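Asker: Supplied in structure tokens, the structure appears directly below.
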Amino acid sequence: MIKKMLLPLFAIASLGLGCQAKINQKYLIILQAGTESHEGMARAVHALLYATELKKAGFTVTLIFDGAGTEWAKALINPEHKLHASYRQLQDAGVTEIICDFCSTAFQVREDLKKGKVPLVAEFEGHPSLVKWIKQGYLPIVL
């Protein structure tokens, strides 16, 4: 009876032994939430927060504005927006950003975004390639 109880505990404990040696060093934060809701604001805040924390800890971070998230790419470049300062800090820290070309058109923000420094990317059927980033060792976080 004791062996049956200890075996699952040993298995769980042993899973954690190799975790420190394999900490992922690259993160891909994909913001898909739109600007129209309180939930969308929370997701955008957390995308910026997670990117900031990871970057400060020394990890490589890429932020993708995809789907309705392309609306955030437009909103954050506005110096009057309340999240603009946080967004600028990420840019100054060197967080890589890309915007989905297809979605920027679908959400009618493409013309405003073409003027900026952040590239519009269309690698896979008009969208940024997820496989490309995973093959480079990035762990995706989708918000």
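Labels for the structure tokens follow display order: chains A, B, ..., residues from 1 in each chain, ligands from 1.
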When you look at Val61 of chain A with a cut-off of 9 Å (counting only C-alpha atoms), what residues show up, excluding the ones that are within fewer than 4 positions of it in the same chain? I need them as a list in words.
Answerer: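 Non-adjacent residues within range: Gln25, Lys26, Tyr27, Leu28, Ile29, Ala51, Thr52, Leu54, Lys55, Gly94, Val95, Thr96, Glu97 and Tyr138 of chain A.
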Asker: How about saving the chosen residues, N, CA, C and O atoms kept, as a PDB file, in the first residue's frame?
Answerer:
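The result, stored in part.pdb:
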ATOM      1  N   GLN A  25      14.593  29.954 -22.989  1.00  0.00           N
ATOM      2  CA  GLN A  25      15.203  31.277 -23.013  1.00  0.00           C
ATOM      3  C   GLN A  25      14.512  32.227 -23.983  1.00  0.00           C
ATOM      4  O   GLN A  25      14.861  33.391 -24.053  1.00  0.00           O
ATOM      5  N   LYS A  26      13.546  31.731 -24.761  1.00  0.00           N
ATOM      6  CA  LYS A  26      12.905  32.552 -25.783  1.00  0.00           C
ATOM      7  C   LYS A  26      11.387  32.431 -25.666  1.00  0.00           C
ATOM      8  O   LYS A  26      10.853  31.323 -25.595  1.00  0.00           O
ATOM      9  N   TYR A  27      10.727  33.581 -25.684  1.00  0.00           N
ATOM     10  CA  TYR A  27       9.274  33.604 -25.549  1.00  0.00           C
ATOM     11  C   TYR A  27       8.647  34.443 -26.644  1.00  0.00           C
ATOM     12  O   TYR A  27       9.138  35.517 -26.986  1.00  0.00           O
ATOM     13  N   LEU A  28       7.553  33.934 -27.186  1.00  0.00           N
ATOM     14  CA  LEU A  28       6.791  34.594 -28.231  1.00  0.00           C
ATOM     15  C   LEU A  28       5.432  34.938 -27.636  1.00  0.00           C
ATOM     16  O   LEU A  28       4.621  34.048 -27.394  1.00  0.00           O
ATOM     17  N   ILE A  29       5.203  36.206 -27.372  1.00  0.00           N
ATOM     18  CA  ILE A  29       3.929  36.638 -26.802  1.00  0.00           C
ATOM     19  C   ILE A  29       3.052  37.123 -27.952  1.00  0.00           C
ATOM     20  O   ILE A  29       3.423  38.042 -28.678  1.00  0.00           O
ATOM     21  N   ALA A  51       6.003  40.556 -21.146  1.00  0.00           N
ATOM     22  CA  ALA A  51       7.165  40.865 -21.983  1.00  0.00           C
ATOM     23  C   ALA A  51       8.214  41.633 -21.198  1.00  0.00           C
ATOM     24  O   ALA A  51       9.409  41.363 -21.304  1.00  0.00           O
ATOM     25  N   THR A  52       7.771  42.588 -20.391  1.00  0.00           N
ATOM     26  CA  THR A  52       8.697  43.382 -19.569  1.00  0.00           C
ATOM     27  C   THR A  52       9.423  42.512 -18.558  1.00  0.00           C
ATOM     28  O   THR A  52      10.645  42.578 -18.425  1.00  0.00           O
ATOM     29  N   LEU A  54       9.888  39.225 -18.529  1.00  0.00           N
ATOM     30  CA  LEU A  54      10.790  38.279 -19.189  1.00  0.00           C
ATOM     31  C   LEU A  54      12.047  38.964 -19.704  1.00  0.00           C
ATOM     32  O   LEU A  54      13.159  38.457 -19.529  1.00  0.00           O
ATOM     33  N   LYS A  55      11.886  40.126 -20.313  1.00  0.00           N
ATOM     34  CA  LYS A  55      13.038  40.853 -20.851  1.00  0.00           C
ATOM     35  C   LYS A  55      13.982  41.283 -19.724  1.00  0.00           C
ATOM     36  O   LYS A  55      15.207  41.148 -19.840  1.00  0.00           O
ATOM     37  N   GLY A  94      14.411  46.710 -26.353  1.00  0.00           N
ATOM     38  CA  GLY A  94      14.798  45.850 -27.471  1.00  0.00           C
ATOM     39  C   GLY A  94      13.911  44.649 -27.709  1.00  0.00           C
ATOM     40  O   GLY A  94      14.329  43.694 -28.365  1.00  0.00           O
ATOM     41  N   VAL A  95      12.686  44.684 -27.201  1.00  0.00           N
ATOM     42  CA  VAL A  95      11.758  43.588 -27.484  1.00  0.00           C
ATOM     43  C   VAL A  95      11.389  43.661 -28.966  1.00  0.00           C
ATOM     44  O   VAL A  95      11.019  44.712 -29.471  1.00  0.00           O
ATOM     45  N   THR A  96      11.518  42.556 -29.650  1.00  0.00           N
ATOM     46  CA  THR A  96      11.185  42.477 -31.070  1.00  0.00           C
ATOM     47  C   THR A  96       9.667  42.466 -31.217  1.00  0.00           C
ATOM     48  O   THR A  96       8.982  41.779 -30.466  1.00  0.00           O
ATOM     49  N   GLU A  97       9.172  43.222 -32.189  1.00  0.00           N
ATOM     50  CA  GLU A  97       7.737  43.257 -32.438  1.00  0.00           C
ATOM     51  C   GLU A  97       7.472  42.986 -33.908  1.00  0.00           C
ATOM     52  O   GLU A  97       8.244  43.396 -34.761  1.00  0.00           O
ATOM     53  N   TYR A 138      11.339  29.244 -29.606  1.00  0.00           N
ATOM     54  CA  TYR A 138      10.454  30.129 -28.851  1.00  0.00           C
ATOM     55  C   TYR A 138       9.270  29.354 -28.290  1.00  0.00           C
ATOM     56  O   TYR A 138       8.717  28.472 -28.947  1.00  0.00           O
TER      57      TYR A 138
END
Asker: According to DSSP computed on the backbone, where in chain A is there helix (DSSP H, G or I)? Give the residues as a PyMOL selection string.
Answerer: chain A and resi 2-15+20-22+38-56+67-76+84-93+101-106+110-114+130-135
Asker: Which residue, A:Ile23, A:His38, A:Ile77, A:Glu71, has the smallest gap to Gly116 of chain A when you use only C-alpha atoms?
Answerer: A:Ile77
Asker: Which polymer residues have any atom within 12 Å of an atom of Ala44 of chain A, counting only C-alpha atoms, with same-chain residues fewer than 2 positions away left out, as a PDB file with N, CA, C and O atoms, in the first residue's frame?
Answerer:
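Ended up saving to out_34.pdb:
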ATOM      1  N   ILE A  29       5.203  36.206 -27.372  1.00  0.00           N
ATOM      2  CA  ILE A  29       3.929  36.638 -26.802  1.00  0.00           C
ATOM      3  C   ILE A  29       3.052  37.123 -27.952  1.00  0.00           C
ATOM      4  O   ILE A  29       3.423  38.042 -28.678  1.00  0.00           O
ATOM      5  N   ILE A  30       1.920  36.473 -28.115  1.00  0.00           N
ATOM      6  CA  ILE A  30       1.010  36.785 -29.209  1.00  0.00           C
ATOM      7  C   ILE A  30      -0.236  37.439 -28.619  1.00  0.00           C
ATOM      8  O   ILE A  30      -0.980  36.800 -27.871  1.00  0.00           O
ATOM      9  N   LEU A  31      -0.438  38.708 -28.940  1.00  0.00           N
ATOM     10  CA  LEU A  31      -1.610  39.437 -28.462  1.00  0.00           C
ATOM     11  C   LEU A  31      -2.675  39.404 -29.538  1.00  0.00           C
ATOM     12  O   LEU A  31      -2.499  39.962 -30.619  1.00  0.00           O
ATOM     13  N   GLN A  32      -3.786  38.730 -29.247  1.00  0.00           N
ATOM     14  CA  GLN A  32      -4.887  38.623 -30.204  1.00  0.00           C
ATOM     15  C   GLN A  32      -6.136  39.359 -29.748  1.00  0.00           C
ATOM     16  O   GLN A  32      -7.086  39.470 -30.498  1.00  0.00           O
ATOM     17  N   ALA A  33      -6.135  39.861 -28.537  1.00  0.00           N
ATOM     18  CA  ALA A  33      -7.313  40.544 -27.997  1.00  0.00           C
ATOM     19  C   ALA A  33      -7.481  41.915 -28.624  1.00  0.00           C
ATOM     20  O   ALA A  33      -6.499  42.596 -28.923  1.00  0.00           O
ATOM     21  N   GLY A  34      -8.718  42.306 -28.818  1.00  0.00           N
ATOM     22  CA  GLY A  34      -9.017  43.612 -29.384  1.00  0.00           C
ATOM     23  C   GLY A  34      -9.100  44.707 -28.335  1.00  0.00           C
ATOM     24  O   GLY A  34      -8.966  44.456 -27.131  1.00  0.00           O
ATOM     25  N   THR A  35      -9.349  45.909 -28.787  1.00  0.00           N
ATOM     26  CA  THR A  35      -9.369  47.088 -27.918  1.00  0.00           C
ATOM     27  C   THR A  35     -10.755  47.426 -27.388  1.00  0.00           C
ATOM     28  O   THR A  35     -10.894  48.344 -26.601  1.00  0.00           O
ATOM     29  N   GLU A  36     -11.770  46.689 -27.794  1.00  0.00           N
ATOM     30  CA  GLU A  36     -13.147  47.087 -27.515  1.00  0.00           C
ATOM     31  C   GLU A  36     -13.683  46.710 -26.137  1.00  0.00           C
ATOM     32  O   GLU A  36     -14.758  47.128 -25.760  1.00  0.00           O
ATOM     33  N   SER A  37     -12.941  45.932 -25.357  1.00  0.00           N
ATOM     34  CA  SER A  37     -13.505  45.469 -24.083  1.00  0.00           C
ATOM     35  C   SER A  37     -12.511  45.603 -22.931  1.00  0.00           C
ATOM     36  O   SER A  37     -11.311  45.770 -23.139  1.00  0.00           O
ATOM     37  N   HIS A  38     -13.063  45.475 -21.731  1.00  0.00           N
ATOM     38  CA  HIS A  38     -12.245  45.469 -20.522  1.00  0.00           C
ATOM     39  C   HIS A  38     -11.298  44.269 -20.533  1.00  0.00           C
ATOM     40  O   HIS A  38     -10.140  44.369 -20.147  1.00  0.00           O
ATOM     41  N   GLU A  39     -11.802  43.137 -21.020  1.00  0.00           N
ATOM     42  CA  GLU A  39     -10.975  41.934 -21.127  1.00  0.00           C
ATOM     43  C   GLU A  39      -9.809  42.159 -22.082  1.00  0.00           C
ATOM     44  O   GLU A  39      -8.675  41.754 -21.817  1.00  0.00           O
ATOM     45  N   GLY A  40     -10.076  42.820 -23.211  1.00  0.00           N
ATOM     46  CA  GLY A  40      -9.021  43.125 -24.170  1.00  0.00           C
ATOM     47  C   GLY A  40      -7.937  43.997 -23.557  1.00  0.00           C
ATOM     48  O   GLY A  40      -6.742  43.788 -23.794  1.00  0.00           O
ATOM     49  N   MET A  41      -8.350  44.975 -22.766  1.00  0.00           N
ATOM     50  CA  MET A  41      -7.391  45.845 -22.071  1.00  0.00           C
ATOM     51  C   MET A  41      -6.538  45.014 -21.115  1.00  0.00           C
ATOM     52  O   MET A  41      -5.322  45.165 -21.064  1.00  0.00           O
ATOM     53  N   ALA A  42      -7.185  44.119 -20.380  1.00  0.00           N
ATOM     54  CA  ALA A  42      -6.445  43.275 -19.431  1.00  0.00           C
ATOM     55  C   ALA A  42      -5.426  42.398 -20.157  1.00  0.00           C
ATOM     56  O   ALA A  42      -4.296  42.229 -19.698  1.00  0.00           O
ATOM     57  N   HIS A  46      -1.364  42.625 -19.741  1.00  0.00           N
ATOM     58  CA  HIS A  46      -0.574  41.458 -19.364  1.00  0.00           C
ATOM     59  C   HIS A  46       0.454  41.079 -20.426  1.00  0.00           C
ATOM     60  O   HIS A  46       1.534  40.599 -20.089  1.00  0.00           O
ATOM     61  N   ALA A  47       0.150  41.297 -21.677  1.00  0.00           N
ATOM     62  CA  ALA A  47       1.148  41.057 -22.728  1.00  0.00           C
ATOM     63  C   ALA A  47       2.360  41.958 -22.496  1.00  0.00           C
ATOM     64  O   ALA A  47       3.509  41.503 -22.553  1.00  0.00           O
ATOM     65  N   LEU A  48       2.109  43.229 -22.197  1.00  0.00           N
ATOM     66  CA  LEU A  48       3.202  44.167 -21.923  1.00  0.00           C
ATOM     67  C   LEU A  48       3.922  43.802 -20.623  1.00  0.00           C
ATOM     68  O   LEU A  48       5.154  43.855 -20.548  1.00  0.00           O
ATOM     69  N   LEU A  49       3.155  43.425 -19.622  1.00  0.00           N
ATOM     70  CA  LEU A  49       3.728  43.052 -18.322  1.00  0.00           C
ATOM     71  C   LEU A  49       4.619  41.815 -18.439  1.00  0.00           C
ATOM     72  O   LEU A  49       5.764  41.812 -17.967  1.00  0.00           O
ATOM     73  N   TYR A  50       4.108  40.772 -19.098  1.00  0.00           N
ATOM     74  CA  TYR A  50       4.895  39.545 -19.246  1.00  0.00           C
ATOM     75  C   TYR A  50       6.152  39.802 -20.067  1.00  0.00           C
ATOM     76  O   TYR A  50       7.233  39.311 -19.736  1.00  0.00           O
ATOM     77  N   ALA A  51       6.003  40.556 -21.146  1.00  0.00           N
ATOM     78  CA  ALA A  51       7.165  40.865 -21.983  1.00  0.00           C
ATOM     79  C   ALA A  51       8.214  41.633 -21.198  1.00  0.00           C
ATOM     80  O   ALA A  51       9.409  41.363 -21.304  1.00  0.00           O
ATOM     81  N   LEU A  63       7.118  40.073 -29.452  1.00  0.00           N
ATOM     82  CA  LEU A  63       5.710  40.392 -29.272  1.00  0.00           C
ATOM     83  C   LEU A  63       5.061  40.473 -30.647  1.00  0.00           C
ATOM     84  O   LEU A  63       5.501  41.254 -31.494  1.00  0.00           O
ATOM     85  N   ILE A  64       4.039  39.640 -30.859  1.00  0.00           N
ATOM     86  CA  ILE A  64       3.317  39.642 -32.126  1.00  0.00           C
ATOM     87  C   ILE A  64       1.913  40.190 -31.885  1.00  0.00           C
ATOM     88  O   ILE A  64       1.193  39.713 -31.011  1.00  0.00           O
ATOM     89  N   PHE A  65       1.540  41.177 -32.688  1.00  0.00           N
ATOM     90  CA  PHE A  65       0.179  41.698 -32.693  1.00  0.00           C
ATOM     91  C   PHE A  65      -0.556  40.972 -33.816  1.00  0.00           C
ATOM     92  O   PHE A  65      -0.235  41.144 -34.994  1.00  0.00           O
ATOM     93  N   ASP A  66      -1.521  40.143 -33.452  1.00  0.00           N
ATOM     94  CA  ASP A  66      -2.198  39.274 -34.406  1.00  0.00           C
ATOM     95  C   ASP A  66      -3.706  39.383 -34.202  1.00  0.00           C
ATOM     96  O   ASP A  66      -4.167  39.713 -33.107  1.00  0.00           O
ATOM     97  N   ALA A  68      -7.312  40.594 -33.748  1.00  0.00           N
ATOM     98  CA  ALA A  68      -7.779  41.884 -33.228  1.00  0.00           C
ATOM     99  C   ALA A  68      -6.666  42.616 -32.476  1.00  0.00           C
ATOM    100  O   ALA A  68      -6.746  43.828 -32.269  1.00  0.00           O
ATOM    101  N   GLY A  69      -5.629  41.901 -32.114  1.00  0.00           N
ATOM    102  CA  GLY A  69      -4.479  42.525 -31.443  1.00  0.00           C
ATOM    103  C   GLY A  69      -3.790  43.577 -32.290  1.00  0.00           C
ATOM    104  O   GLY A  69      -3.064  44.427 -31.775  1.00  0.00           O
ATOM    105  N   THR A  70      -4.021  43.533 -33.612  1.00  0.00           N
ATOM    106  CA  THR A  70      -3.449  44.575 -34.461  1.00  0.00           C
ATOM    107  C   THR A  70      -4.028  45.946 -34.113  1.00  0.00           C
ATOM    108  O   THR A  70      -3.384  46.966 -34.346  1.00  0.00           O
ATOM    109  N   GLU A  71      -5.235  45.955 -33.529  1.00  0.00           N
ATOM    110  CA  GLU A  71      -5.808  47.222 -33.059  1.00  0.00           C
ATOM    111  C   GLU A  71      -4.954  47.808 -31.935  1.00  0.00           C
ATOM    112  O   GLU A  71      -4.811  49.027 -31.823  1.00  0.00           O
ATOM    113  N   TRP A  72      -4.379  46.939 -31.110  1.00  0.00           N
ATOM    114  CA  TRP A  72      -3.499  47.407 -30.034  1.00  0.00           C
ATOM    115  C   TRP A  72      -2.212  47.993 -30.593  1.00  0.00           C
ATOM    116  O   TRP A  72      -1.683  48.962 -30.054  1.00  0.00           O
ATOM    117  N   ALA A  73      -1.724  47.413 -31.681  1.00  0.00           N
ATOM    118  CA  ALA A  73      -0.513  47.959 -32.301  1.00  0.00           C
ATOM    119  C   ALA A  73      -0.746  49.413 -32.689  1.00  0.00           C
ATOM    120  O   ALA A  73       0.122  50.272 -32.502  1.00  0.00           O
ATOM    121  N   ALA A  75      -3.185  51.440 -31.331  1.00  0.00           N
ATOM    122  CA  ALA A  75      -3.477  52.214 -30.124  1.00  0.00           C
ATOM    123  C   ALA A  75      -2.214  52.572 -29.343  1.00  0.00           C
ATOM    124  O   ALA A  75      -2.081  53.695 -28.838  1.00  0.00           O
ATOM    125  N   LEU A  76      -1.282  51.633 -29.259  1.00  0.00           N
ATOM    126  CA  LEU A  76      -0.091  51.848 -28.422  1.00  0.00           C
ATOM    127  C   LEU A  76       0.895  52.856 -28.996  1.00  0.00           C
ATOM    128  O   LEU A  76       1.718  53.397 -28.253  1.00  0.00           O
ATOM    129  N   LYS A  82      -2.923  55.475 -22.426  1.00  0.00           N
ATOM    130  CA  LYS A  82      -2.391  55.221 -21.080  1.00  0.00           C
ATOM    131  C   LYS A  82      -1.368  54.092 -21.015  1.00  0.00           C
ATOM    132  O   LYS A  82      -0.590  54.016 -20.070  1.00  0.00           O
ATOM    133  N   LEU A  83      -1.309  53.228 -22.022  1.00  0.00           N
ATOM    134  CA  LEU A  83      -0.306  52.161 -22.046  1.00  0.00           C
ATOM    135  C   LEU A  83       0.908  52.512 -22.908  1.00  0.00           C
ATOM    136  O   LEU A  83       1.834  51.709 -23.026  1.00  0.00           O
ATOM    137  N   HIS A  84       0.904  53.689 -23.488  1.00  0.00           N
ATOM    138  CA  HIS A  84       1.985  54.070 -24.401  1.00  0.00           C
ATOM    139  C   HIS A  84       3.359  54.041 -23.713  1.00  0.00           C
ATOM    140  O   HIS A  84       4.330  53.550 -24.292  1.00  0.00           O
ATOM    141  N   SER A  86       4.433  52.237 -21.189  1.00  0.00           N
ATOM    142  CA  SER A  86       4.864  50.839 -21.008  1.00  0.00           C
ATOM    143  C   SER A  86       5.317  50.238 -22.328  1.00  0.00           C
ATOM    144  O   SER A  86       6.306  49.508 -22.387  1.00  0.00           O
ATOM    145  N   TYR A  87       4.600  50.557 -23.367  1.00  0.00           N
ATOM    146  CA  TYR A  87       4.942  50.078 -24.704  1.00  0.00           C
ATOM    147  C   TYR A  87       6.300  50.630 -25.138  1.00  0.00           C
ATOM    148  O   TYR A  87       7.147  49.895 -25.644  1.00  0.00           O
ATOM    149  N   VAL A 142      -0.118  32.937 -25.790  1.00  0.00           N
ATOM    150  CA  VAL A 142      -1.172  33.605 -26.561  1.00  0.00           C
ATOM    151  C   VAL A 142      -2.151  34.267 -25.601  1.00  0.00           C
ATOM    152  O   VAL A 142      -2.702  33.629 -24.706  1.00  0.00           O
ATOM    153  N   LEU A 143      -2.360  35.561 -25.816  1.00  0.00           N
ATOM    154  CA  LEU A 143      -3.317  36.327 -25.007  1.00  0.00           C
ATOM    155  C   LEU A 143      -4.382  36.930 -25.898  1.00  0.00           C
ATOM    156  O   LEU A 143      -4.111  37.396 -26.961  1.00  0.00           O
TER     157      LEU A 143
END
Asker: Which parts of segment 46-100 of chain A does DSSP call strand (DSSP E or B) when run on the backbone here, written out as a VMD selection string?
Answerer: chain A and resid 60 to 65 96 to 100
Asker: Which residues, written as a PyMOL selection string, have at least one atom at most 12 Å from Thr105 of chain A, with only C-alpha atoms counted and residues fewer than 6 positions away on the same chain left out?
Answerer: chain A and resi 66-68+70-71+99+111-114+120-122+126-127
Asker: Could you state the separation of atom CA of Lys115 of chain A and atom CA of Val45 of chain A in Å, given to one decimal place?
Answerer: 23.8 Å
Asker: Compare A:Glu80, A:Pro128, A:Thr62, A:Ala85 by their minimum atom-to-atom distance to Asp101 of chain A, counting only C-alpha atoms, and give me the closest one.
Answerer: A:Pro128
Asker: Rounded to one decimal place, report the atom CA of Pro140 of chain A-atom CA of Asp92 of chain A distance in Å.
Answerer: 22.1 Å
Asker: Which residue gives the smallest distance to Pro119 of chain A among A:Gln89, A:Gln136, A:Thr60, A:Ser104, with only C-alpha atoms counted?
Answerer: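 Under the stated criterion, the closest residue is A:Ser104.
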